[in-house]
Protein chains: 2
Amino acid sequence: MSPRADAFARLLEAFERLPGVGPKTAQRFAVYLLAEDRMAAAQLADALGTGLQRIGRCARCNTFSESTLCSTCADESRDPSVLAIVETPADQQALEATLGYQGLYWVLMGRVSPLDGATPQSLGFEALLDRASDGQVREVIIATNFTVEGEATAFMLSDLLKRKGLKVTRLARGLPVGGELEYVDLPTLAASLRDRRPG
Amino acid sequence: MSPRADAFARLLEAFERLPGVGPKTAQRFAVYLLAEDRMAAAQLADALGTGLQRIGRCARCNTFSESTLCSTCADESRDPSVLAIVETPADQQALEATLGYQGLYWVLMGRVSPLDGATPQSLGFEALLDRASDGQVREVIIATNFTVEGEATAFMLSDLLKRKGLKVTRLARGLPVGGELEYVDLPTLAASLRDRRPG
Ligand SMILES: [Zn+2]
Ligand SMILES: [Zn+2]
């Protein structure tokens, strides 16, 4: 018989369902919570329970929200003619932090990744197309990540959105602010050359 | 106002209390559980709640247990004259898997690490010394990891146990320096158990 208590084994199993968490990390989490910080364990259990109960999706942008509309979509000072598509709430927060964007958002909650079972269907492209076709949106900024999967997602979205007659733009690729040509990787430098703007 | 729902922010905070989990990993966990696998979220909340309710410590060896005595300590076929001191339940499982050890255990649930606040006091060295002085134990095998902290822990324990007149041994240095019990292959670990040396 295993020296592990059953409840302990079940806790390890539950942690191992998290992305990127293997047996060793699950052990570390479980031992830490049960032996060193049971308050944190209670806090996590409670936050998960409350989250499952209260957190749904914003009807207008698909992000997590405890009300029908998230605070951004409910903000009437935002410009409804521009819609930025981002992969995650964290990406939305990054754009918000620039203080340079006043439009609205669509949060994909992922990116197309067939190996992980993330398809245009499972990501709700249909709902996004409906949202973008509300008659108010004039420009859709595709702000997915510049990863292979983010680029593939952008490519598909761009095609679908253009067919709806929408103006589609993407974030510029290029050197980071303060970056030096000598130290930028070649693909980025090449993209920055292609995407050059009027000087 | 942040686009994060409050319940979402609280979930992120709870995840960030886990060891080695920063804001980015917490986001990944929370988005995954809420957007992709709410069953896993419920399972984790339940496993944490059940664990907190049911999992205490074995009165005889300090490991996690749902009853007063864990299954190993309750097993009368084990040899009560030998006591192996390990850092974690995972290390105990690794020794059990060799099928080369019939004695009992003491599970420290950590190792001396002043920077993390883990001291001989917080690790319960006193209770271990009481346990080892039960009159039945003839040999204490110190089976802490061969890391800097594991070695320091072994050094302190060896000194304290010898003062109690106990025979102290250590696992042989068949393990690679810096190696952890949990990841050593079985034959090496078994040999290292056979070749244990005076501590
Ligand atoms: Zn919204
Ligand atoms: Zn026990």
# chains A, B, ... in the order shown; residues from 1 in each chain; ligands from 1
call {"tool": "interface_residues", "arguments": {"of": "chain B", "to": "chain A", "cutoff": "6 Å", "atoms": "only C-alpha atoms", "output": "MDAnalysis selection string"}}
result
chainID B and resid 3 5 7 11 14 44:45 47:48 51 65
call {"tool": "write_last_selection", "arguments": {"atoms": "C-alpha atoms", "output": "PDB file, in the first residue's frame"}}
result
ATOM      1  CA  PRO B   3     -10.802  44.662 -16.730  1.00  0.00           C
ATOM      2  CA  ALA B   5     -13.225  40.616 -12.437  1.00  0.00           C
ATOM      3  CA  ALA B   7     -13.112  36.990  -8.288  1.00  0.00           C
ATOM      4  CA  LEU B  11      -7.899  33.537  -7.959  1.00  0.00           C
ATOM      5  CA  ALA B  14      -4.293  32.554  -4.500  1.00  0.00           C
ATOM      6  CA  LEU B  44      -8.843  20.975  -7.441  1.00  0.00           C
ATOM      7  CA  ALA B  45     -11.151  22.962  -5.163  1.00  0.00           C
ATOM      8  CA  ALA B  47      -9.248  18.007  -3.410  1.00  0.00           C
ATOM      9  CA  LEU B  48      -7.982  21.004  -1.455  1.00  0.00           C
ATOM     10  CA  GLY B  51      -7.299  17.430   1.972  1.00  0.00           C
ATOM     11  CA  SER B  65      -2.018  10.628   7.006  1.00  0.00           C
TER      12      SER B  65
END
call {"tool": "calpha_fit_rmsd", "arguments": {"fixed": "chain A", "moving": "chain B"}}
result
5.5 Å
call {"tool": "residues_around", "arguments": {"residues": "Glu151 in chain A", "least_positions_apart": "6", "cutoff": "10 Å", "atoms": "only C-alpha atoms", "output": "compact mmCIF listing (two decimals) with C-alpha atoms, in the first residue's frame"}}
result
# COMPACT_ATOMS: atom_id res chain seq x y z
CA ARG A 111 -5.16 30.87 -30.15
CA VAL A 112 -5.67 28.36 -32.94
CA ILE A 142 -5.62 41.91 -34.72
CA ALA A 143 -3.35 41.94 -31.68
CA THR A 144 -2.54 38.25 -31.33
CA ASN A 145 0.99 37.31 -30.27
CA LEU A 157 -9.04 35.98 -38.68
call {"tool": "residues_around", "arguments": {"residues": "Leu193 in chain B", "least_positions_apart": "3", "cutoff": "6 Å", "atoms": "only C-alpha atoms", "output": "JSON, numbers by chain"}}
result
{"B": [171, 190, 196]}
call {"tool": "write_last_selection", "arguments": {"atoms": "N, CA, C and O atoms", "output": "JSON list (two decimals), in the first residue's frame"}}
result
[["chain", "number", "residue", "atom", "x", "y", "z"],
["B", 171, "LEU", "N", 22.96, 7.19, 3.68],
["B", 171, "LEU", "CA", 22.95, 6.51, 2.39],
["B", 171, "LEU", "C", 24.33, 6.68, 1.76],
["B", 171, "LEU", "O", 24.98, 7.70, 1.97],
["B", 190, "ALA", "N", 19.02, 1.48, -4.59],
["B", 190, "ALA", "CA", 19.09, 0.25, -3.79],
["B", 190, "ALA", "C", 20.52, 0.00, -3.32],
["B", 190, "ALA", "O", 20.76, -0.35, -2.16],
["B", 196, "ARG", "N", 25.14, 1.87, 2.89],
["B", 196, "ARG", "CA", 25.10, 3.01, 3.81],
["B", 196, "ARG", "C", 26.32, 2.96, 4.75],
["B", 196, "ARG", "O", 26.80, 1.91, 5.13]]
call {"tool": "select_by_dssp", "arguments": {"residues": "range 29-145 of chain A", "states": "alpha helix (DSSP H)", "output": "PyMOL selection string"}}
result
chain A and resi 29-31+38-54+89-97+125-132
call {"tool": "write_last_selection", "arguments": {"atoms": "N, CA and C atoms", "output": "mmCIF file, in the first residue's frame"}}
result
data_model
loop_
_atom_site.group_PDB
_atom_site.id
_atom_site.type_symbol
_atom_site.label_atom_id
_atom_site.label_comp_id
_atom_site.auth_asym_id
_atom_site.auth_seq_id
_atom_site.Cartn_x
_atom_site.Cartn_y
_atom_site.Cartn_z
ATOM 1 N N PHE A 29 3.708 21.681 -4.613
ATOM 2 C CA PHE A 29 2.519 22.464 -4.259
ATOM 3 C C PHE A 29 1.794 21.827 -3.067
ATOM 4 N N ALA A 30 1.559 20.514 -3.161
ATOM 5 C CA ALA A 30 0.748 19.835 -2.137
ATOM 6 C C ALA A 30 1.449 19.838 -0.782
ATOM 7 N N VAL A 31 2.752 19.514 -0.787
ATOM 8 C CA VAL A 31 3.486 19.498 0.486
ATOM 9 C C VAL A 31 3.519 20.901 1.079
ATOM 10 N N ARG A 38 -1.477 26.166 5.248
ATOM 11 C CA ARG A 38 -2.849 25.672 5.066
ATOM 12 C C ARG A 38 -3.827 26.819 4.819
ATOM 13 N N MET A 39 -3.488 28.016 5.275
ATOM 14 C CA MET A 39 -4.316 29.182 4.960
ATOM 15 C C MET A 39 -4.346 29.414 3.448
ATOM 16 N N ALA A 40 -3.190 29.255 2.814
ATOM 17 C CA ALA A 40 -3.122 29.451 1.363
ATOM 18 C C ALA A 40 -3.945 28.382 0.647
ATOM 19 N N ALA A 41 -3.946 27.174 1.197
ATOM 20 C CA ALA A 41 -4.752 26.104 0.601
ATOM 21 C C ALA A 41 -6.235 26.444 0.684
ATOM 22 N N ALA A 42 -6.650 26.947 1.845
ATOM 23 C CA ALA A 42 -8.056 27.323 2.019
ATOM 24 C C ALA A 42 -8.419 28.481 1.095
ATOM 25 N N GLN A 43 -7.481 29.423 0.958
ATOM 26 C CA GLN A 43 -7.707 30.582 0.097
ATOM 27 C C GLN A 43 -7.861 30.140 -1.364
ATOM 28 N N LEU A 44 -7.039 29.196 -1.784
ATOM 29 C CA LEU A 44 -7.112 28.719 -3.168
ATOM 30 C C LEU A 44 -8.409 27.941 -3.407
ATOM 31 N N ALA A 45 -8.766 27.081 -2.459
ATOM 32 C CA ALA A 45 -10.019 26.332 -2.606
ATOM 33 C C ALA A 45 -11.197 27.295 -2.708
ATOM 34 N N ASP A 46 -11.172 28.309 -1.872
ATOM 35 C CA ASP A 46 -12.262 29.278 -1.855
ATOM 36 C C ASP A 46 -12.303 30.107 -3.141
ATOM 37 N N ALA A 47 -11.133 30.534 -3.599
ATOM 38 C CA ALA A 47 -11.070 31.347 -4.820
ATOM 39 C C ALA A 47 -11.537 30.538 -6.030
ATOM 40 N N LEU A 48 -11.215 29.257 -6.051
ATOM 41 C CA LEU A 48 -11.666 28.406 -7.149
ATOM 42 C C LEU A 48 -13.181 28.236 -7.096
ATOM 43 N N GLY A 49 -13.696 27.955 -5.905
ATOM 44 C CA GLY A 49 -15.143 27.771 -5.762
ATOM 45 C C GLY A 49 -15.907 29.029 -6.140
ATOM 46 N N THR A 50 -15.445 30.163 -5.605
ATOM 47 C CA THR A 50 -16.099 31.436 -5.899
ATOM 48 C C THR A 50 -15.981 31.762 -7.386
ATOM 49 N N GLY A 51 -14.812 31.514 -7.933
ATOM 50 C CA GLY A 51 -14.590 31.789 -9.351
ATOM 51 C C GLY A 51 -15.531 30.992 -10.226
ATOM 52 N N LEU A 52 -15.630 29.689 -9.930
ATOM 53 C CA LEU A 52 -16.510 28.839 -10.731
ATOM 54 C C LEU A 52 -17.956 29.305 -10.653
ATOM 55 N N GLN A 53 -18.321 29.784 -9.491
ATOM 56 C CA GLN A 53 -19.702 30.207 -9.266
ATOM 57 C C GLN A 53 -19.989 31.551 -9.938
ATOM 58 N N ARG A 54 -19.047 32.487 -9.839
ATOM 59 C CA ARG A 54 -19.336 33.866 -10.251
ATOM 60 C C ARG A 54 -18.805 34.264 -11.606
ATOM 61 N N PRO A 89 -6.838 37.716 -21.345
ATOM 62 C CA PRO A 89 -7.023 38.891 -20.498
ATOM 63 C C PRO A 89 -5.701 39.596 -20.192
ATOM 64 N N ALA A 90 -4.624 38.821 -20.056
ATOM 65 C CA ALA A 90 -3.319 39.440 -19.769
ATOM 66 C C ALA A 90 -2.863 40.308 -20.936
ATOM 67 N N ASP A 91 -3.136 39.863 -22.157
ATOM 68 C CA ASP A 91 -2.764 40.664 -23.333
ATOM 69 C C ASP A 91 -3.587 41.946 -23.376
ATOM 70 N N GLN A 92 -4.873 41.816 -23.018
ATOM 71 C CA GLN A 92 -5.721 43.013 -22.967
ATOM 72 C C GLN A 92 -5.159 44.010 -21.948
ATOM 73 N N GLN A 93 -4.775 43.486 -20.782
ATOM 74 C CA GLN A 93 -4.212 44.357 -19.751
ATOM 75 C C GLN A 93 -2.948 45.053 -20.237
ATOM 76 N N ALA A 94 -2.128 44.324 -21.004
ATOM 77 C CA ALA A 94 -0.894 44.916 -21.524
ATOM 78 C C ALA A 94 -1.215 46.087 -22.447
ATOM 79 N N LEU A 95 -2.232 45.919 -23.310
ATOM 80 C CA LEU A 95 -2.621 47.020 -24.204
ATOM 81 C C LEU A 95 -3.202 48.189 -23.403
ATOM 82 N N GLU A 96 -4.030 47.867 -22.419
ATOM 83 C CA GLU A 96 -4.607 48.925 -21.588
ATOM 84 C C GLU A 96 -3.517 49.739 -20.903
ATOM 85 N N ALA A 97 -2.456 49.033 -20.485
ATOM 86 C CA ALA A 97 -1.379 49.696 -19.741
ATOM 87 C C ALA A 97 -0.646 50.740 -20.593
ATOM 88 N N PHE A 125 -14.946 31.652 -33.300
ATOM 89 C CA PHE A 125 -14.765 32.648 -34.362
ATOM 90 C C PHE A 125 -16.106 33.189 -34.862
ATOM 91 N N GLU A 126 -17.109 32.323 -34.871
ATOM 92 C CA GLU A 126 -18.433 32.733 -35.355
ATOM 93 C C GLU A 126 -18.973 33.907 -34.530
ATOM 94 N N ALA A 127 -18.876 33.772 -33.204
ATOM 95 C CA ALA A 127 -19.366 34.830 -32.310
ATOM 96 C C ALA A 127 -18.566 36.113 -32.512
ATOM 97 N N LEU A 128 -17.276 35.954 -32.747
ATOM 98 C CA LEU A 128 -16.434 37.127 -33.007
ATOM 99 C C LEU A 128 -16.858 37.833 -34.296
ATOM 100 N N LEU A 129 -17.129 37.049 -35.328
ATOM 101 C CA LEU A 129 -17.551 37.648 -36.603
ATOM 102 C C LEU A 129 -18.878 38.387 -36.446
ATOM 103 N N ASP A 130 -19.787 37.802 -35.692
ATOM 104 C CA ASP A 130 -21.057 38.483 -35.399
ATOM 105 C C ASP A 130 -20.794 39.812 -34.687
ATOM 106 N N ARG A 131 -19.913 39.727 -33.672
ATOM 107 C CA ARG A 131 -19.611 40.922 -32.876
ATOM 108 C C ARG A 131 -19.019 42.032 -33.753
ATOM 109 N N ALA A 132 -18.111 41.633 -34.643
ATOM 110 C CA ALA A 132 -17.424 42.625 -35.483
ATOM 111 C C ALA A 132 -18.354 43.200 -36.549
#
call {"tool": "atom_distance", "arguments": {"atom1": "CA of Val137 in chain A", "atom2": "CA of Ala154 in chain A"}}
result
17.9 Å
call {"tool": "select_by_dssp", "arguments": {"residues": "range 85-161 of chain A", "states": "strand (DSSP E)", "output": "list in words"}}
result
Ile85, Val86, Gly103, Leu104, Tyr105, Trp106, Val107, Glu139, Val140, Ile141 and Ile142 of chain A
call {"tool": "closest_residue", "arguments": {"among": "A:Ala26, A:Ala84, A:Leu123, A:Ala59", "to": "ligand 1", "atoms": "only C-alpha atoms and all ligand atoms"}}
result
A:Ala59
call {"tool": "residues_around", "arguments": {"residues": "range 176-180 of chain B", "least_positions_apart": "4", "cutoff": "7 Å", "atoms": "only C-alpha atoms", "output": "short mmCIF file (atom, residue, chain, number, x, y, z; two decimals) with all heavy atoms, in the first residue's frame"}}
result
data_model
loop_
_atom_site.label_atom_id
_atom_site.label_comp_id
_atom_site.auth_asym_id
_atom_site.auth_seq_id
_atom_site.Cartn_x
_atom_site.Cartn_y
_atom_site.Cartn_z
N ASN B 145 18.43 14.43 1.14
CA ASN B 145 19.00 14.57 -0.20
C ASN B 145 20.46 15.02 -0.15
O ASN B 145 20.89 15.64 0.83
CB ASN B 145 18.19 15.56 -1.02
CG ASN B 145 16.83 14.98 -1.42
OD1 ASN B 145 16.76 13.86 -1.92
ND2 ASN B 145 15.77 15.73 -1.18
N PHE B 146 21.20 14.73 -1.21
CA PHE B 146 22.60 15.12 -1.26
C PHE B 146 22.75 16.52 -1.85
O PHE B 146 23.61 16.77 -2.69
CB PHE B 146 23.41 14.09 -2.05
CG PHE B 146 23.66 12.84 -1.26
CD1 PHE B 146 22.84 11.74 -1.39
CD2 PHE B 146 24.70 12.79 -0.35
CE1 PHE B 146 23.07 10.59 -0.64
CE2 PHE B 146 24.94 11.65 0.41
CZ PHE B 146 24.12 10.54 0.26
N THR B 147 21.88 17.40 -1.42
CA THR B 147 21.99 18.81 -1.80
C THR B 147 22.68 19.52 -0.64
O THR B 147 22.89 18.94 0.43
CB THR B 147 20.59 19.41 -1.99
OG1 THR B 147 19.86 19.22 -0.76
CG2 THR B 147 19.83 18.70 -3.12
N VAL B 184 16.46 9.29 -8.79
CA VAL B 184 17.54 8.34 -9.02
C VAL B 184 16.96 7.01 -9.48
O VAL B 184 15.89 6.59 -9.04
CB VAL B 184 18.34 8.16 -7.72
CG1 VAL B 184 19.28 6.98 -7.81
CG2 VAL B 184 19.11 9.44 -7.41
#
call {"tool": "residues_around", "arguments": {"residues": "Ser158 in chain B", "least_positions_apart": "3", "cutoff": "10 Å", "atoms": "only C-alpha atoms", "output": "PyMOL selection string"}}
result
chain B and resi 140-142+152-155+161-163+166-170+198-199
call {"tool": "decode", "arguments": {"residues": "range 10-150 of chain B", "atoms": "C-alpha atoms", "output": "PDB file, in the first residue's frame"}}
result
ATOM      1  CA  ARG B  10      -8.517  36.784  -6.094  1.00  0.00           C
ATOM      2  CA  LEU B  11      -7.899  33.537  -7.959  1.00  0.00           C
ATOM      3  CA  LEU B  12      -4.657  34.942  -9.377  1.00  0.00           C
ATOM      4  CA  GLU B  13      -3.569  36.006  -5.883  1.00  0.00           C
ATOM      5  CA  ALA B  14      -4.293  32.554  -4.500  1.00  0.00           C
ATOM      6  CA  PHE B  15      -2.222  30.858  -7.207  1.00  0.00           C
ATOM      7  CA  GLU B  16       0.645  33.291  -6.659  1.00  0.00           C
ATOM      8  CA  ARG B  17       1.007  32.004  -3.093  1.00  0.00           C
ATOM      9  CA  LEU B  18       2.201  28.643  -4.446  1.00  0.00           C
ATOM     10  CA  PRO B  19       5.983  28.189  -4.437  1.00  0.00           C
ATOM     11  CA  GLY B  20       7.600  29.231  -7.715  1.00  0.00           C
ATOM     12  CA  VAL B  21       4.373  30.614  -9.192  1.00  0.00           C
ATOM     13  CA  GLY B  22       4.568  34.191 -10.484  1.00  0.00           C
ATOM     14  CA  PRO B  23       1.930  36.392 -12.146  1.00  0.00           C
ATOM     15  CA  LYS B  24       2.374  34.821 -15.584  1.00  0.00           C
ATOM     16  CA  THR B  25       1.980  31.232 -14.403  1.00  0.00           C
ATOM     17  CA  ALA B  26      -0.954  32.216 -12.183  1.00  0.00           C
ATOM     18  CA  GLN B  27      -2.655  33.726 -15.266  1.00  0.00           C
ATOM     19  CA  ARG B  28      -2.019  30.575 -17.249  1.00  0.00           C
ATOM     20  CA  PHE B  29      -3.515  28.398 -14.499  1.00  0.00           C
ATOM     21  CA  ALA B  30      -6.566  30.629 -13.998  1.00  0.00           C
ATOM     22  CA  VAL B  31      -7.343  31.097 -17.700  1.00  0.00           C
ATOM     23  CA  TYR B  32      -6.915  27.377 -18.311  1.00  0.00           C
ATOM     24  CA  LEU B  33      -9.206  26.354 -15.462  1.00  0.00           C
ATOM     25  CA  LEU B  34     -11.934  28.923 -16.122  1.00  0.00           C
ATOM     26  CA  ALA B  35     -11.921  28.875 -19.916  1.00  0.00           C
ATOM     27  CA  GLU B  36     -10.865  25.355 -20.807  1.00  0.00           C
ATOM     28  CA  ASP B  37     -11.364  22.907 -17.964  1.00  0.00           C
ATOM     29  CA  ARG B  38     -13.831  23.933 -15.292  1.00  0.00           C
ATOM     30  CA  MET B  39     -14.103  20.292 -14.215  1.00  0.00           C
ATOM     31  CA  ALA B  40     -10.417  20.408 -13.283  1.00  0.00           C
ATOM     32  CA  ALA B  41     -11.052  23.591 -11.296  1.00  0.00           C
ATOM     33  CA  ALA B  42     -13.851  21.905  -9.385  1.00  0.00           C
ATOM     34  CA  GLN B  43     -11.663  18.852  -8.834  1.00  0.00           C
ATOM     35  CA  LEU B  44      -8.843  20.975  -7.441  1.00  0.00           C
ATOM     36  CA  ALA B  45     -11.151  22.962  -5.163  1.00  0.00           C
ATOM     37  CA  ASP B  46     -12.622  19.723  -3.887  1.00  0.00           C
ATOM     38  CA  ALA B  47      -9.248  18.007  -3.410  1.00  0.00           C
ATOM     39  CA  LEU B  48      -7.982  21.004  -1.455  1.00  0.00           C
ATOM     40  CA  GLY B  49     -11.073  21.129   0.746  1.00  0.00           C
ATOM     41  CA  THR B  50     -11.038  17.407   1.377  1.00  0.00           C
ATOM     42  CA  GLY B  51      -7.299  17.430   1.972  1.00  0.00           C
ATOM     43  CA  LEU B  52      -7.525  20.227   4.514  1.00  0.00           C
ATOM     44  CA  GLN B  53     -10.312  18.419   6.293  1.00  0.00           C
ATOM     45  CA  ARG B  54      -8.879  14.916   6.302  1.00  0.00           C
ATOM     46  CA  ILE B  55      -5.121  15.064   6.008  1.00  0.00           C
ATOM     47  CA  GLY B  56      -3.232  15.368   9.260  1.00  0.00           C
ATOM     48  CA  ARG B  57       0.083  13.870  10.346  1.00  0.00           C
ATOM     49  CA  CYS B  58       0.968  10.347  11.347  1.00  0.00           C
ATOM     50  CA  ALA B  59       1.649  10.379  15.091  1.00  0.00           C
ATOM     51  CA  ARG B  60       4.652   8.111  14.668  1.00  0.00           C
ATOM     52  CA  CYS B  61       6.472   9.318  11.524  1.00  0.00           C
ATOM     53  CA  ASN B  62       5.131  12.815  10.798  1.00  0.00           C
ATOM     54  CA  THR B  63       4.059  12.058   7.225  1.00  0.00           C
ATOM     55  CA  PHE B  64       0.647  13.042   5.840  1.00  0.00           C
ATOM     56  CA  SER B  65      -2.018  10.628   7.006  1.00  0.00           C
ATOM     57  CA  GLU B  66      -5.777  10.446   7.222  1.00  0.00           C
ATOM     58  CA  SER B  67      -5.583   8.250  10.351  1.00  0.00           C
ATOM     59  CA  THR B  68      -3.571   8.441  13.591  1.00  0.00           C
ATOM     60  CA  LEU B  69      -1.007   6.043  12.163  1.00  0.00           C
ATOM     61  CA  CYS B  70      -0.083   5.900   8.483  1.00  0.00           C
ATOM     62  CA  SER B  71      -0.190   2.536   6.722  1.00  0.00           C
ATOM     63  CA  THR B  72       3.582   2.069   7.008  1.00  0.00           C
ATOM     64  CA  CYS B  73       3.708   2.722  10.747  1.00  0.00           C
ATOM     65  CA  ALA B  74       0.651   0.529  11.283  1.00  0.00           C
ATOM     66  CA  ASP B  75       2.312  -2.363   9.433  1.00  0.00           C
ATOM     67  CA  GLU B  76       3.522  -4.774  12.134  1.00  0.00           C
ATOM     68  CA  SER B  77       5.790  -6.603   9.726  1.00  0.00           C
ATOM     69  CA  ARG B  78       8.112  -3.591   9.536  1.00  0.00           C
ATOM     70  CA  ASP B  79      11.332  -3.644  11.577  1.00  0.00           C
ATOM     71  CA  PRO B  80      11.041  -1.104  14.418  1.00  0.00           C
ATOM     72  CA  SER B  81      14.774  -1.174  15.125  1.00  0.00           C
ATOM     73  CA  VAL B  82      15.683   0.844  12.023  1.00  0.00           C
ATOM     74  CA  LEU B  83      14.463   4.372  11.352  1.00  0.00           C
ATOM     75  CA  ALA B  84      15.082   6.199   8.072  1.00  0.00           C
ATOM     76  CA  ILE B  85      14.850   9.991   8.062  1.00  0.00           C
ATOM     77  CA  VAL B  86      13.662  11.434   4.741  1.00  0.00           C
ATOM     78  CA  GLU B  87      12.792  14.957   3.674  1.00  0.00           C
ATOM     79  CA  THR B  88       9.433  14.373   1.964  1.00  0.00           C
ATOM     80  CA  PRO B  89       6.738  11.755   1.273  1.00  0.00           C
ATOM     81  CA  ALA B  90       8.102  11.502  -2.280  1.00  0.00           C
ATOM     82  CA  ASP B  91      11.525  10.541  -0.923  1.00  0.00           C
ATOM     83  CA  GLN B  92       9.909   7.896   1.279  1.00  0.00           C
ATOM     84  CA  GLN B  93       8.106   6.508  -1.759  1.00  0.00           C
ATOM     85  CA  ALA B  94      11.385   6.362  -3.652  1.00  0.00           C
ATOM     86  CA  LEU B  95      12.977   4.278  -0.881  1.00  0.00           C
ATOM     87  CA  GLU B  96       9.918   2.026  -0.658  1.00  0.00           C
ATOM     88  CA  ALA B  97      10.117   1.413  -4.393  1.00  0.00           C
ATOM     89  CA  THR B  98      13.568  -0.196  -3.978  1.00  0.00           C
ATOM     90  CA  LEU B  99      11.874  -2.979  -1.944  1.00  0.00           C
ATOM     91  CA  GLY B 100      15.183  -2.988  -0.043  1.00  0.00           C
ATOM     92  CA  TYR B 101      14.061  -1.341   3.171  1.00  0.00           C
ATOM     93  CA  GLN B 102      11.929  -2.933   5.875  1.00  0.00           C
ATOM     94  CA  GLY B 103      12.357  -0.409   8.671  1.00  0.00           C
ATOM     95  CA  LEU B 104      10.273   2.575   9.649  1.00  0.00           C
ATOM     96  CA  TYR B 105      10.506   6.263   8.714  1.00  0.00           C
ATOM     97  CA  TRP B 106      10.562   9.791   9.971  1.00  0.00           C
ATOM     98  CA  VAL B 107       9.425  12.318   7.392  1.00  0.00           C
ATOM     99  CA  LEU B 108      10.874  15.774   8.056  1.00  0.00           C
ATOM    100  CA  MET B 109       8.566  17.580   5.606  1.00  0.00           C
ATOM    101  CA  GLY B 110      11.441  19.794   4.599  1.00  0.00           C
ATOM    102  CA  ARG B 111      15.112  20.393   5.250  1.00  0.00           C
ATOM    103  CA  VAL B 112      16.970  22.998   7.273  1.00  0.00           C
ATOM    104  CA  SER B 113      16.954  26.178   5.198  1.00  0.00           C
ATOM    105  CA  PRO B 114      17.301  29.346   7.274  1.00  0.00           C
ATOM    106  CA  LEU B 115      16.521  31.590   4.292  1.00  0.00           C
ATOM    107  CA  ASP B 116      13.119  29.920   3.942  1.00  0.00           C
ATOM    108  CA  GLY B 117      12.522  30.012   7.686  1.00  0.00           C
ATOM    109  CA  ALA B 118      13.014  26.250   8.025  1.00  0.00           C
ATOM    110  CA  THR B 119      14.887  25.719  11.289  1.00  0.00           C
ATOM    111  CA  PRO B 120      15.479  22.672  13.511  1.00  0.00           C
ATOM    112  CA  GLN B 121      12.651  24.052  15.652  1.00  0.00           C
ATOM    113  CA  SER B 122      10.150  24.551  12.827  1.00  0.00           C
ATOM    114  CA  LEU B 123      11.049  21.114  11.429  1.00  0.00           C
ATOM    115  CA  GLY B 124      10.346  19.462  14.788  1.00  0.00           C
ATOM    116  CA  PHE B 125      13.792  17.984  15.503  1.00  0.00           C
ATOM    117  CA  GLU B 126      12.707  17.599  19.133  1.00  0.00           C
ATOM    118  CA  ALA B 127       9.847  15.279  18.205  1.00  0.00           C
ATOM    119  CA  LEU B 128      12.193  13.287  15.971  1.00  0.00           C
ATOM    120  CA  LEU B 129      14.705  12.852  18.810  1.00  0.00           C
ATOM    121  CA  ASP B 130      11.900  11.633  21.080  1.00  0.00           C
ATOM    122  CA  ARG B 131      10.755   9.215  18.419  1.00  0.00           C
ATOM    123  CA  ALA B 132      14.272   7.862  17.859  1.00  0.00           C
ATOM    124  CA  SER B 133      14.738   7.387  21.631  1.00  0.00           C
ATOM    125  CA  ASP B 134      11.837   4.986  22.038  1.00  0.00           C
ATOM    126  CA  GLY B 135      14.193   2.193  23.129  1.00  0.00           C
ATOM    127  CA  GLN B 136      13.429   0.076  20.054  1.00  0.00           C
ATOM    128  CA  VAL B 137      15.381   2.018  17.463  1.00  0.00           C
ATOM    129  CA  ARG B 138      18.949   0.710  17.113  1.00  0.00           C
ATOM    130  CA  GLU B 139      19.982   2.469  13.921  1.00  0.00           C
ATOM    131  CA  VAL B 140      18.958   5.731  12.319  1.00  0.00           C
ATOM    132  CA  ILE B 141      19.574   5.994   8.570  1.00  0.00           C
ATOM    133  CA  ILE B 142      19.772   9.636   7.531  1.00  0.00           C
ATOM    134  CA  ALA B 143      18.375   9.669   3.997  1.00  0.00           C
ATOM    135  CA  THR B 144      18.169  13.381   3.303  1.00  0.00           C
ATOM    136  CA  ASN B 145      19.002  14.566  -0.200  1.00  0.00           C
ATOM    137  CA  PHE B 146      22.602  15.122  -1.262  1.00  0.00           C
ATOM    138  CA  THR B 147      21.987  18.806  -1.800  1.00  0.00           C
ATOM    139  CA  VAL B 148      23.679  21.527   0.226  1.00  0.00           C
ATOM    140  CA  GLU B 149      20.621  21.898   2.439  1.00  0.00           C
ATOM    141  CA  GLY B 150      20.083  18.164   2.750  1.00  0.00           C
TER     142      GLY B 150
END
